[in-house]
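*Asks:* Shown below is the structure under consideration.
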Amino acid sequence: TSPELLQRIRREALPAFNAANCEGASALIVTGFIRGRSGFDRDGTPANELGDSWGAYDLGLQNENLILQARELGLDTLIMGIRNETLLRGMLDIDPEVVIVSVIAVGYRTQDAETPKRKGVDEIARFL
């Protein structure tokens, strides 16, 4: 939340379009997970073919809860997956074992986003 660090992250670790889209955000939240902690049986073998990928799945669920809670509090969010992982890791002293997934800007929107037309359920789901 430090204004100096927010500006530095925007300037150095985000592409220009993401930096512009999160200008004025009150906070940037960097999310990540540690491989090998989710998706394994108690003996350490992968529970299924996803193995280490379960950490990303679990993090996605956590991120969704975070943005829904922010919205409930009247805040807006922007999830950014395009970021410079190496610079973020150095700026924030993030352990090498953490897989950095996203940067989430939290604040108040200055404009409404244009959203694409939603696909119909028959285009995205298959019922058997």
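Ligands are numbered from 1 in the order shown, residues from 1 within each chain, and chains are lettered A, B, ... in the order they appear in the structure tokens.
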Per DSSP on the backbone, what are the alpha helix (DSSP H) residues of chain A, as number ranges by chain?
*Replies:* A: 3-13, 16-21, 54-72, 85-92, 121-124
*Asks:* Please provide as a PyMOL selection string all residues within 7 Å of range 34-50 of chain A, with the sequence filter that same-chain residues fewer than 3 positions apart are discarded (counting only C-alpha atoms).
*Replies:* chain A and resi 53-55+97-99
*Asks:* Residues within 6 Å of range 78-89 of chain A, please, as a list of chain:residue names. Count only C-alpha atoms; anything in the same chain fewer than 3 positions from it doesn't count.
*Replies:*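 Returned residues: A:Ala13, A:Leu14, A:Leu92, A:Asp93, A:Ile94, A:Ser102, A:Val103, A:Ile104, A:Ala105.
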*Asks:* Quick one: write out the picked residues with N, CA, C and O atoms as a PDB file, in the first residue's frame?
*Replies:*
```
ATOM      1  N   ALA A  13       7.244  -3.167 -13.008  1.00  0.00           N
ATOM      2  CA  ALA A  13       6.879  -4.580 -13.039  1.00  0.00           C
ATOM      3  C   ALA A  13       5.602  -4.886 -13.820  1.00  0.00           C
ATOM      4  O   ALA A  13       5.244  -6.049 -13.969  1.00  0.00           O
ATOM      5  N   LEU A  14       4.927  -3.858 -14.309  1.00  0.00           N
ATOM      6  CA  LEU A  14       3.709  -4.070 -15.084  1.00  0.00           C
ATOM      7  C   LEU A  14       3.871  -3.469 -16.468  1.00  0.00           C
ATOM      8  O   LEU A  14       4.533  -2.440 -16.625  1.00  0.00           O
ATOM      9  N   LEU A  92       9.683  -7.239  -3.614  1.00  0.00           N
ATOM     10  CA  LEU A  92       8.889  -7.612  -2.445  1.00  0.00           C
ATOM     11  C   LEU A  92       9.521  -8.718  -1.614  1.00  0.00           C
ATOM     12  O   LEU A  92       8.916  -9.198  -0.659  1.00  0.00           O
ATOM     13  N   ASP A  93      10.744  -9.135  -1.975  1.00  0.00           N
ATOM     14  CA  ASP A  93      11.465 -10.179  -1.256  1.00  0.00           C
ATOM     15  C   ASP A  93      10.605 -11.437  -1.107  1.00  0.00           C
ATOM     16  O   ASP A  93      10.419 -11.960  -0.009  1.00  0.00           O
ATOM     17  N   ILE A  94      10.083 -11.921  -2.234  1.00  0.00           N
ATOM     18  CA  ILE A  94       9.232 -13.112  -2.252  1.00  0.00           C
ATOM     19  C   ILE A  94      10.123 -14.335  -2.406  1.00  0.00           C
ATOM     20  O   ILE A  94      10.982 -14.389  -3.281  1.00  0.00           O
ATOM     21  N   SER A 102      -0.460 -13.633  -9.943  1.00  0.00           N
ATOM     22  CA  SER A 102      -1.138 -12.415 -10.381  1.00  0.00           C
ATOM     23  C   SER A 102      -0.857 -11.232  -9.464  1.00  0.00           C
ATOM     24  O   SER A 102      -0.355 -11.396  -8.357  1.00  0.00           O
ATOM     25  N   VAL A 103      -1.203 -10.077  -9.978  1.00  0.00           N
ATOM     26  CA  VAL A 103      -1.223  -8.843  -9.196  1.00  0.00           C
ATOM     27  C   VAL A 103      -2.664  -8.351  -9.265  1.00  0.00           C
ATOM     28  O   VAL A 103      -3.231  -8.231 -10.355  1.00  0.00           O
ATOM     29  N   ILE A 104      -3.256  -8.101  -8.113  1.00  0.00           N
ATOM     30  CA  ILE A 104      -4.642  -7.639  -8.063  1.00  0.00           C
ATOM     31  C   ILE A 104      -4.649  -6.209  -7.554  1.00  0.00           C
ATOM     32  O   ILE A 104      -4.212  -5.931  -6.434  1.00  0.00           O
ATOM     33  N   ALA A 105      -5.131  -5.294  -8.400  1.00  0.00           N
ATOM     34  CA  ALA A 105      -5.282  -3.894  -7.994  1.00  0.00           C
ATOM     35  C   ALA A 105      -6.612  -3.750  -7.260  1.00  0.00           C
ATOM     36  O   ALA A 105      -7.629  -4.312  -7.687  1.00  0.00           O
TER      37      ALA A 105
END
```
*Asks:* Distance CA of Leu61 in chain A-CA of Val101 in chain A, one decimal place?
*Replies:* 12.8 Å
*Asks:* Find the residue from A:Phe127, A:Asp95, A:Val30, A:Val106 that sits nearest to Leu68 in chain A; use only C-alpha atoms when measuring.
*Replies:*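 Among the listed residues, the smallest separation from Leu68 in chain A belongs to A:Val106.
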*Asks:* Mind pulling up the distance from CA of Leu66 in chain A to CA of Phe33 in chain A?
*Replies:*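 Atom-to-atom, CA of Phe33 in chain A to CA of Leu66 in chain A, that is 15.1 Å.
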*Asks:* From the options A:Thr110, A:Thr77, A:Ser26, A:Asn65, which residue's atoms come nearest to Thr1 in chain A, counting only C-alpha atoms?
*Replies:*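 Closest to Thr1 in chain A of all the choices is A:Ser26.
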*Asks:* In Å to one decimal, how far is CA of Gly107 in chain A from CA of Ile67 in chain A?
*Replies:*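 Atom-to-atom, CA of Ile67 in chain A and CA of Gly107 in chain A are spaced 11.0 Å apart.
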